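Novice: Structure supplied as input-v2.txt; contents: compact mmCIF, C-alpha atoms.
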```txt
# COMPACT_ATOMS: atom_id res chain seq x y z
CA MET B 1 32.10 85.98 172.62
CA THR B 2 35.21 85.97 170.40
CA ALA B 3 38.32 88.01 170.98
CA ASN B 4 37.18 90.44 168.28
CA THR B 5 33.71 91.02 169.73
CA PRO B 6 33.51 94.49 171.30
CA LYS B 7 32.39 94.63 174.92
CA THR B 8 29.21 96.50 175.76
CA ASN B 9 29.66 99.40 178.15
CA LEU B 10 26.49 99.26 180.27
CA ALA B 11 26.95 102.90 181.27
CA GLN B 12 26.54 103.84 177.62
CA VAL B 13 23.37 101.79 177.06
CA LYS B 14 20.51 104.20 176.59
CA ILE B 15 17.15 103.12 177.95
CA PRO B 16 14.26 104.48 175.85
CA LEU B 17 12.21 107.03 177.78
CA GLU B 18 8.43 107.33 177.65
CA GLU B 19 5.68 109.86 178.32
CA VAL B 20 4.97 108.84 181.91
CA SER B 21 2.65 111.11 183.92
CA GLY B 22 1.61 111.07 187.56
CA VAL B 23 2.82 111.57 191.12
CA LEU B 24 5.03 109.15 193.00
CA LEU B 25 5.15 109.36 196.79
CA LEU B 26 8.70 108.32 197.64
CA ASN B 27 10.03 107.64 201.13
CA LYS B 28 13.48 109.20 200.68
CA PRO B 29 16.23 107.32 202.52
CA PHE B 30 18.92 108.87 204.70
CA GLY B 31 22.03 110.14 202.91
CA LEU B 32 20.48 110.67 199.49
CA SER B 33 19.90 114.10 197.99
CA SER B 34 16.43 114.89 196.70
CA ASN B 35 17.74 115.22 193.15
CA THR B 36 19.54 111.87 193.29
CA ALA B 37 16.37 110.21 194.57
CA LEU B 38 14.40 111.87 191.77
CA GLN B 39 16.81 110.73 189.06
CA ARG B 40 16.81 107.14 190.35
CA ALA B 41 13.02 107.03 190.35
CA ARG B 42 12.92 108.63 186.91
CA HIS B 43 15.30 105.97 185.60
CA LEU B 44 13.20 103.16 187.09
CA LEU B 45 10.02 104.57 185.51
CA ARG B 46 11.76 105.47 182.22
CA ALA B 47 10.07 108.88 182.39
CA LYS B 48 11.05 111.69 180.01
CA LYS B 49 10.27 114.54 182.38
CA ALA B 50 10.42 114.71 186.18
CA GLY B 51 10.65 117.11 189.12
CA HIS B 52 10.31 117.04 192.92
CA THR B 53 8.07 119.19 195.08
CA GLY B 54 10.33 120.53 197.80
CA THR B 55 13.89 119.60 198.72
CA LEU B 56 14.76 117.35 201.63
CA ASP B 57 18.34 117.58 202.95
CA PRO B 58 20.42 114.42 202.40
CA HIS B 59 20.35 113.70 206.14
CA ALA B 60 16.56 114.08 206.30
CA THR B 61 14.22 111.22 205.45
CA GLY B 62 10.58 110.82 204.58
CA LEU B 63 7.98 111.96 202.12
CA LEU B 64 9.24 113.31 198.79
CA PRO B 65 6.44 113.67 196.23
CA LEU B 66 7.87 113.30 192.71
CA CYS B 67 6.08 114.60 189.62
CA PHE B 68 6.42 113.01 186.19
CA GLY B 69 5.34 114.21 182.77
CA GLU B 70 2.17 116.31 182.81
CA ALA B 71 2.19 116.39 186.61
CA THR B 72 5.21 118.72 186.54
CA LYS B 73 2.89 121.45 185.19
CA PHE B 74 0.95 121.45 188.46
CA SER B 75 3.77 120.86 190.97
CA GLN B 76 3.71 124.48 192.18
CA TRP B 77 0.50 123.86 194.09
CA ILE B 78 2.25 121.23 196.21
CA LEU B 79 5.46 123.25 196.50
CA ASP B 80 3.39 125.91 198.28
CA ALA B 81 1.55 123.43 200.53
CA PRO B 82 2.18 123.07 204.30
CA LYS B 83 4.57 120.30 205.30
CA GLY B 84 4.59 118.10 208.38
CA TYR B 85 7.72 116.85 210.16
CA ILE B 86 8.87 114.76 213.07
CA ALA B 87 12.03 116.36 214.43
CA THR B 88 14.44 115.12 217.08
CA LEU B 89 16.36 117.74 219.09
CA LYS B 90 19.39 117.38 221.36
CA LEU B 91 18.91 119.75 224.28
CA GLY B 92 21.73 121.46 226.13
CA TYR B 93 23.99 121.97 223.12
CA VAL B 94 24.40 124.52 220.32
CA SER B 95 25.81 123.54 216.92
CA ASP B 96 27.31 125.99 214.43
CA THR B 97 25.32 124.32 211.62
CA LEU B 98 22.20 123.95 213.81
CA ASP B 99 22.37 120.17 213.27
CA GLY B 100 24.58 117.19 214.11
CA GLU B 101 26.93 117.80 211.18
CA GLY B 102 28.52 120.84 212.79
CA THR B 103 30.75 121.70 215.73
CA ILE B 104 29.36 122.12 219.22
CA THR B 105 29.91 125.73 220.27
CA LYS B 106 28.02 125.87 223.58
CA HIS B 107 26.92 123.49 226.29
CA SER B 108 24.48 123.96 229.16
CA ASP B 109 23.68 121.70 232.10
CA ARG B 110 20.28 123.29 232.50
CA THR B 111 17.42 120.76 232.55
CA VAL B 112 13.86 121.39 231.40
CA ASN B 113 10.56 119.67 232.10
CA LEU B 114 7.61 118.81 229.88
CA ALA B 115 5.53 121.80 230.99
CA GLN B 116 8.33 124.21 230.05
CA VAL B 117 8.72 122.59 226.63
CA GLU B 118 4.98 122.71 225.93
CA THR B 119 4.88 126.41 226.86
CA VAL B 120 7.70 127.19 224.41
CA LEU B 121 6.18 125.11 221.60
CA ASN B 122 2.81 126.80 222.01
CA ALA B 123 4.53 130.19 221.76
CA MET B 124 6.12 129.11 218.46
CA ILE B 125 2.74 128.70 216.73
CA GLY B 126 1.84 131.50 214.35
CA ILE B 127 3.33 133.77 211.72
CA GLN B 128 6.91 134.86 212.31
CA GLN B 129 10.12 135.99 210.64
CA GLN B 130 12.87 133.44 210.12
CA ILE B 131 16.41 134.01 208.87
CA PRO B 132 17.74 131.15 206.68
CA PRO B 133 20.75 129.36 208.19
CA MET B 134 24.20 129.78 206.65
CA HIS B 135 24.29 126.08 205.86
CA ALA B 136 21.42 126.23 203.36
CA ALA B 137 21.07 125.62 199.63
CA ILE B 138 19.42 128.93 198.74
CA LYS B 139 21.63 131.20 196.65
CA ILE B 140 22.89 134.73 197.24
CA GLN B 141 24.60 136.34 194.26
CA GLY B 142 24.43 133.02 192.44
CA LYS B 143 26.24 131.07 195.16
CA PRO B 144 24.65 128.67 197.70
CA LEU B 145 24.83 129.83 201.29
CA TYR B 146 26.62 126.65 202.37
CA SER B 147 29.48 127.52 199.99
CA TYR B 148 30.07 130.76 201.90
CA ALA B 149 29.79 128.90 205.21
CA ARG B 150 32.35 126.24 204.20
CA SER B 151 34.87 128.97 203.40
CA GLY B 152 34.30 130.59 206.79
CA GLN B 153 32.23 133.50 205.50
CA THR B 154 28.99 134.83 206.92
CA VAL B 155 26.73 136.81 204.62
CA GLU B 156 23.64 138.86 205.35
CA ARG B 157 20.39 136.96 204.81
CA GLN B 158 16.99 138.55 204.52
CA PRO B 159 14.35 137.24 206.92
CA ARG B 160 11.40 135.44 205.39
CA THR B 161 7.84 135.15 206.64
CA ILE B 162 6.93 131.62 207.72
CA GLU B 163 4.10 130.11 209.75
CA VAL B 164 4.12 127.34 212.30
CA LEU B 165 0.62 125.87 212.09
CA SER B 166 1.06 123.35 214.90
CA CYS B 167 3.83 122.07 217.14
CA ARG B 168 3.50 119.38 219.80
CA VAL B 169 5.67 117.14 221.98
CA ILE B 170 5.95 113.49 221.05
CA SER B 171 8.45 112.62 223.77
CA LEU B 172 11.01 114.12 226.16
CA VAL B 173 13.57 111.62 227.41
CA ASN B 174 16.46 113.14 229.35
CA ASP B 175 18.01 115.64 226.89
CA VAL B 176 16.33 114.29 223.74
CA LEU B 177 13.16 116.04 222.61
CA THR B 178 10.99 114.73 219.75
CA ILE B 179 8.33 116.98 218.30
CA GLU B 180 5.79 116.95 215.48
CA CYS B 181 5.16 120.19 213.62
CA LEU B 182 3.21 121.44 210.61
CA VAL B 183 4.79 124.45 208.91
CA SER B 184 4.47 126.65 205.85
CA LYS B 185 6.63 126.49 202.75
CA GLY B 186 10.18 127.76 203.29
CA THR B 187 10.42 126.95 207.00
CA TYR B 188 13.79 125.67 208.17
CA ILE B 189 13.25 123.11 210.93
CA ARG B 190 16.91 123.47 211.95
CA VAL B 191 16.28 127.13 212.74
CA LEU B 192 13.06 126.25 214.56
CA ALA B 193 14.97 123.70 216.66
CA SER B 194 17.61 126.29 217.53
CA ASP B 195 14.93 128.82 218.45
CA ILE B 196 13.24 126.27 220.72
CA GLY B 197 16.54 125.61 222.49
CA GLU B 198 17.16 129.33 222.92
CA GLN B 199 13.70 129.91 224.38
CA LEU B 200 14.21 126.99 226.78
CA GLY B 201 17.47 128.60 227.89
CA CYS B 202 19.55 125.48 227.31
CA GLY B 203 20.22 125.47 223.57
CA ALA B 204 19.34 122.72 221.08
CA TYR B 205 20.23 121.38 217.69
CA LEU B 206 18.50 119.09 215.20
CA THR B 207 19.67 115.46 215.20
CA ALA B 208 17.04 113.83 212.94
CA LEU B 209 14.26 114.97 210.64
CA GLU B 210 11.50 113.04 208.90
CA ARG B 211 8.88 114.61 206.64
CA ILE B 212 5.52 112.95 207.25
CA SER B 213 3.21 115.04 205.05
CA THR B 214 3.12 117.45 202.14
CA GLY B 215 -0.30 118.99 201.52
CA PRO B 216 -2.74 116.07 201.15
CA TYR B 217 0.00 113.45 200.82
CA GLN B 218 1.02 111.27 203.77
CA LEU B 219 4.21 109.31 204.45
CA HIS B 220 2.33 106.08 205.19
CA ASN B 221 1.28 105.98 201.53
CA ALA B 222 4.84 106.39 200.23
CA VAL B 223 6.99 103.66 198.68
CA GLU B 224 10.57 102.88 199.69
CA LEU B 225 13.22 103.29 197.00
CA ALA B 226 14.48 99.75 197.64
CA ALA B 227 10.96 98.38 197.14
CA LEU B 228 10.60 100.36 193.92
CA ILE B 229 13.83 98.83 192.60
CA ASP B 230 12.53 95.31 193.27
CA MET B 231 9.24 95.92 191.41
CA SER B 232 8.47 95.21 187.79
CA GLU B 233 8.06 98.28 185.60
CA GLU B 234 4.31 97.66 185.49
CA LYS B 235 4.07 97.62 189.29
CA ARG B 236 6.16 100.79 189.54
CA ARG B 237 3.77 102.66 187.29
CA GLU B 238 0.83 101.37 189.32
CA CYS B 239 2.32 103.35 192.25
CA LEU B 240 1.72 106.63 190.40
CA LEU B 241 -1.13 108.81 191.63
CA PRO B 242 -3.14 110.79 189.06
CA THR B 243 -1.98 114.29 188.18
CA ASP B 244 -5.13 115.94 189.56
CA SER B 245 -4.24 114.66 193.06
CA LEU B 246 -1.85 117.63 193.21
CA LEU B 247 -4.95 119.88 193.27
CA SER B 248 -6.91 118.02 195.94
CA GLY B 249 -7.98 121.22 197.68
CA VAL B 250 -9.37 122.79 194.48
CA PRO B 251 -13.09 122.28 193.66
CA SER B 252 -14.03 120.26 190.57
CA LEU B 253 -16.01 121.43 187.55
CA TYR B 254 -17.46 119.14 184.86
CA LEU B 255 -18.05 120.52 181.37
CA ASP B 256 -20.14 119.44 178.42
CA SER B 257 -18.41 118.72 175.09
CA THR B 258 -18.70 122.29 173.75
CA HIS B 259 -17.20 124.02 176.79
CA ALA B 260 -14.63 121.25 177.22
CA GLU B 261 -13.45 121.77 173.64
CA ASP B 262 -13.07 125.51 174.26
CA VAL B 263 -10.94 124.85 177.33
CA GLN B 264 -8.78 122.24 175.58
CA CYS B 265 -8.10 124.74 172.81
CA GLY B 266 -7.09 127.37 175.37
CA ARG B 267 -10.14 129.56 174.77
CA ILE B 268 -12.16 131.45 177.35
CA THR B 269 -15.62 129.96 177.52
CA THR B 270 -18.84 131.20 179.17
CA LEU B 271 -20.67 128.83 181.50
CA PRO B 272 -24.48 128.64 181.38
CA GLU B 273 -24.95 128.79 185.16
CA ASN B 274 -23.57 130.81 188.06
CA LYS B 275 -20.85 129.30 190.23
CA PRO B 276 -18.52 130.79 192.86
CA LEU B 277 -15.57 132.63 191.36
CA GLY B 278 -12.08 131.15 191.70
CA LEU B 279 -9.93 128.22 190.60
CA TYR B 280 -11.37 124.88 189.46
CA LYS B 281 -10.09 121.48 188.44
CA VAL B 282 -11.86 120.97 185.13
CA TYR B 283 -13.06 117.67 183.65
CA ASN B 284 -14.95 116.67 180.51
CA SER B 285 -18.12 114.57 180.46
CA LEU B 286 -15.99 111.40 180.42
CA ASN B 287 -14.35 112.43 183.73
CA ARG B 288 -11.03 113.17 182.04
CA PHE B 289 -8.96 115.81 183.81
CA LEU B 290 -8.38 118.75 181.44
CA GLY B 291 -6.47 121.12 183.68
CA LEU B 292 -6.79 124.11 185.99
CA CYS B 293 -9.07 127.01 185.10
CA GLU B 294 -10.22 130.24 186.71
CA LEU B 295 -13.84 131.35 186.78
CA PHE B 296 -14.13 135.12 186.81
CA THR B 297 -16.83 137.74 186.13
CA ASP B 298 -19.83 137.00 183.90
CA ASN B 299 -19.33 133.23 184.25
CA LYS B 300 -16.25 133.29 182.06
CA LEU B 301 -13.90 130.34 182.48
CA ARG B 302 -10.26 130.97 181.62
CA PRO B 303 -7.68 128.16 181.20
CA ILE B 304 -4.69 128.56 183.52
CA ARG B 305 -2.74 125.31 183.04
CA LEU B 306 -3.85 122.50 180.72
CA MET B 307 -3.06 118.84 180.23
CA SER B 308 -1.66 117.92 176.86
CA THR B 309 -4.30 116.67 174.44
CA HIS B 310 -1.85 113.92 173.44
CA ILE B 311 -1.74 112.29 176.87
```
Here is the file; what I need is its structure written in the form of structure tokens.
Specialist:
Amino acid sequence: MTANTPKTNLAQVKIPLEEVSGVLLLNKPFGLSSNTALQRARHLLRAKKAGHTGTLDPHATGLLPLCFGEATKFSQWILDAPKGYIATLKLGYVSDTLDGEGTITKHSDRTVNLAQVETVLNAMIGIQQQIPPMHAAIKIQGKPLYSYARSGQTVERQPRTIEVLSCRVISLVNDVLTIECLVSKGTYIRVLASDIGEQLGCGAYLTALERISTGPYQLHNAVELAALIDMSEEKRRECLLPTDSLLSGVPSLYLDSTHAEDVQCGRITTLPENKPLGLYKVYNSLNRFLGLCELFTDNKLRPIRLMSTHI
């Protein structure tokens, strides 16, 4: 390189993006926001379009399903899916943020036994109302709740309906309780931890959180970000699950060429035989996923969300 040769600024080098489609199960590391993890994975895959399926706090770890390309069209079905967590609680203390990042406001020397904990956890199962914590990312009047909290303000939050599908003890060692729970969309585990402490009469706050499942996806099938970085681009793309995996709980429907063409063109088509009404994953005779359709009265099949014909 001569003195007159301009230096290349690597930050300004633009990597060409491609039409990459599929679902990546990422094991999000501690300290990284969900959006940062998404953008790093997107960069590694050189994908034009990407989105995640439910935020994990920076201090939470575990399963973060990422959607790329055509898969982003169907991400809502996973956003609404139940999620499983392993949560670690510190008993005997109350935190103003409900987790280890805050200030301890109360302390109790009261001890609890396993039977008492199991009784409280069993009582938590079911549909209930939960008020979002002040240190949360949801917005009120266009401003995240945590922004109000950091400035010392408390604002009124509307309760939301959530459901705890299961909740069990993994271990209880002195004042450290570890539980596994399966909950509906929108459940704050920090609030659940605080409620458990309150019901036990000793207080509790969340010290660690790991997501282990989202709908049909499991953490043991996820890839670490560090491992993804070390892979070749070909190997990275081999980690992608097919788009229709987002709809694993939806029944499949296979169409002949005529009906498949109607669906691909966005037209309502009439099936020749009776089938139960409802949503279907639709495929052509070559087993290619076409999209999500709804079967309604008189055997009419209506396209709801379709794959691009160019993919």
Novice: Would you kindly return, as a list in words, each protein, DNA or RNA residue with an atom no farther than 6 Å from any atom of range 83-94 of chain B, considering all atoms listed in the file and excluding same-chain residues fewer than 3 positions away?
Specialist: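 Answer for this query is Ile104, Thr105, Lys106, His107, Ser108, Asp175, Val176, Leu177, Thr178, Ile179, Glu180, Cys181, Leu182, Val183, Cys202, Gly203, Ala204, Tyr205, Leu206, Thr207, Ala208, Leu209, Glu210, Arg211, Ile212, Ser213 and Thr214 of chain B.
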Novice: Compute the distance from (18.3, 107.9, 201.4) to each atom, counting all atoms listed in the file, keep the residues with any atom at most 12 Å away, and return them as a VMD selection string; use the coordinates of the file.
Specialist: chain B and resid 26 to 38 40 56 to 64 210 224 to 226
Novice: So which residues touch range 273-290 of chain B within 12 Å, counting all atoms listed in the file, skipping near sequence neighbours fewer than 3 positions away, as a tab-separated table (two decimals) with C-alpha atoms, in the frame of the given file?
Specialist:
```tsv
chain	number	residue	atom	x	y	z
B	70	GLU	CA	2.17	116.31	182.81
B	71	ALA	CA	2.19	116.39	186.61
B	74	PHE	CA	0.95	121.45	188.46
B	77	TRP	CA	0.50	123.86	194.09
B	242	PRO	CA	-3.14	110.79	189.06
B	243	THR	CA	-1.98	114.29	188.18
B	244	ASP	CA	-5.13	115.94	189.56
B	245	SER	CA	-4.24	114.66	193.06
B	246	LEU	CA	-1.85	117.63	193.21
B	247	LEU	CA	-4.95	119.88	193.27
B	248	SER	CA	-6.91	118.02	195.94
B	249	GLY	CA	-7.98	121.22	197.68
B	250	VAL	CA	-9.37	122.79	194.48
B	251	PRO	CA	-13.09	122.28	193.66
B	252	SER	CA	-14.03	120.26	190.57
B	253	LEU	CA	-16.01	121.43	187.55
B	254	TYR	CA	-17.46	119.14	184.86
B	255	LEU	CA	-18.05	120.52	181.37
B	256	ASP	CA	-20.14	119.44	178.42
B	257	SER	CA	-18.41	118.72	175.09
B	258	THR	CA	-18.70	122.29	173.75
B	259	HIS	CA	-17.20	124.02	176.79
B	260	ALA	CA	-14.63	121.25	177.22
B	261	GLU	CA	-13.45	121.77	173.64
B	262	ASP	CA	-13.07	125.51	174.26
B	263	VAL	CA	-10.94	124.85	177.33
B	264	GLN	CA	-8.78	122.24	175.58
B	265	CYS	CA	-8.10	124.74	172.81
B	266	GLY	CA	-7.09	127.37	175.37
B	270	THR	CA	-18.84	131.20	179.17
B	293	CYS	CA	-9.07	127.01	185.10
B	294	GLU	CA	-10.22	130.24	186.71
B	295	LEU	CA	-13.84	131.35	186.78
B	296	PHE	CA	-14.13	135.12	186.81
B	297	THR	CA	-16.83	137.74	186.13
B	298	ASP	CA	-19.83	137.00	183.90
B	299	ASN	CA	-19.33	133.23	184.25
B	300	LYS	CA	-16.25	133.29	182.06
B	301	LEU	CA	-13.90	130.34	182.48
B	302	ARG	CA	-10.26	130.97	181.62
B	303	PRO	CA	-7.68	128.16	181.20
B	304	ILE	CA	-4.69	128.56	183.52
B	305	ARG	CA	-2.74	125.31	183.04
B	306	LEU	CA	-3.85	122.50	180.72
B	307	MET	CA	-3.06	118.84	180.23
B	308	SER	CA	-1.66	117.92	176.86
B	309	THR	CA	-4.30	116.67	174.44
B	310	HIS	CA	-1.85	113.92	173.44
B	311	ILE	CA	-1.74	112.29	176.87
```
Novice: Which residue, B:Cys167, B:Ala47, B:Met124, B:Leu200, has the smallest gap to Cys67 in chain B when you use all atoms listed in the file?
Specialist: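 Of all the options, B:Ala47 lies closest to Cys67 in chain B.
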Novice: Hey, can you check how far CA of Arg168 in chain B sits from CA of Glu118 in chain B?
Specialist: 7.1 Å
Novice: Which of these residues is nearest to His43 in chain B, using only C-alpha atoms: B:Asp99, B:Glu163, B:Asp195, B:Glu18?
Specialist: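 Distance minimum relative to His43 in chain B lands on B:Glu18.
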Novice: Could you tell me how far CA of Val23 in chain B lies from CA of Arg160 in chain B, in Å and to one decimal?
Specialist: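 Value for the CA of Val23 in chain B-CA of Arg160 in chain B distance: 29.1 Å.
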Novice: What is the CA of Val191 in chain B to CA of Ile125 in chain B distance in Å?
Specialist: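 One can read the CA of Val191 in chain B to CA of Ile125 in chain B distance as 14.2 Å.
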Novice: With N, CA and C atoms as the goal, would you fill in the gaps in range 167-189 of chain B and present it as a compact mmCIF listing (two decimals), keeping the file's coordinate frame?
Specialist:
```txt
# COMPACT_ATOMS: atom_id res chain seq x y z
N CYS B 167 2.56 122.58 216.61
CA CYS B 167 3.83 122.07 217.14
C CYS B 167 3.54 121.40 218.48
N ARG B 168 3.83 120.11 218.57
CA ARG B 168 3.50 119.38 219.80
C ARG B 168 4.62 118.43 220.18
N VAL B 169 4.68 118.08 221.46
CA VAL B 169 5.67 117.14 221.98
C VAL B 169 5.24 115.71 221.68
N ILE B 170 6.17 114.93 221.16
CA ILE B 170 5.95 113.49 221.05
C ILE B 170 6.58 112.80 222.26
N SER B 171 7.80 113.19 222.59
CA SER B 171 8.45 112.62 223.77
C SER B 171 9.58 113.53 224.25
N LEU B 172 9.87 113.44 225.53
CA LEU B 172 11.01 114.12 226.16
C LEU B 172 11.68 113.12 227.07
N VAL B 173 12.83 112.62 226.64
CA VAL B 173 13.57 111.62 227.41
C VAL B 173 14.96 112.16 227.68
N ASN B 174 15.19 112.52 228.95
CA ASN B 174 16.46 113.14 229.35
C ASN B 174 16.69 114.40 228.52
N ASP B 175 17.73 114.42 227.68
CA ASP B 175 18.01 115.64 226.89
C ASP B 175 17.63 115.48 225.41
N VAL B 176 16.77 114.52 225.12
CA VAL B 176 16.33 114.29 223.74
C VAL B 176 14.84 114.61 223.63
N LEU B 177 14.54 115.60 222.81
CA LEU B 177 13.16 116.04 222.61
C LEU B 177 12.71 115.70 221.19
N THR B 178 11.57 115.04 221.06
CA THR B 178 10.99 114.73 219.75
C THR B 178 9.67 115.45 219.62
N ILE B 179 9.53 116.18 218.52
CA ILE B 179 8.33 116.98 218.30
C ILE B 179 7.74 116.69 216.93
N GLU B 180 6.47 117.01 216.78
CA GLU B 180 5.79 116.95 215.48
C GLU B 180 5.29 118.35 215.17
N CYS B 181 5.59 118.84 213.97
CA CYS B 181 5.16 120.19 213.62
C CYS B 181 4.66 120.24 212.18
N LEU B 182 3.75 121.17 211.95
CA LEU B 182 3.21 121.44 210.61
C LEU B 182 3.55 122.89 210.31
N VAL B 183 4.26 123.12 209.19
CA VAL B 183 4.79 124.45 208.91
C VAL B 183 4.53 124.84 207.46
N SER B 184 4.66 126.13 207.20
CA SER B 184 4.47 126.65 205.85
C SER B 184 5.70 126.39 205.00
N LYS B 185 5.53 126.58 203.70
CA LYS B 185 6.63 126.49 202.75
C LYS B 185 7.78 127.42 203.19
N GLY B 186 9.02 126.92 203.02
CA GLY B 186 10.18 127.76 203.29
C GLY B 186 10.65 127.77 204.72
N THR B 187 10.01 126.99 205.59
CA THR B 187 10.42 126.95 207.00
C THR B 187 11.62 126.02 207.18
N TYR B 188 12.63 126.49 207.85
CA TYR B 188 13.79 125.67 208.17
C TYR B 188 13.60 125.08 209.57
N ILE B 189 13.47 123.76 209.64
CA ILE B 189 13.25 123.11 210.93
C ILE B 189 14.51 123.22 211.80
```
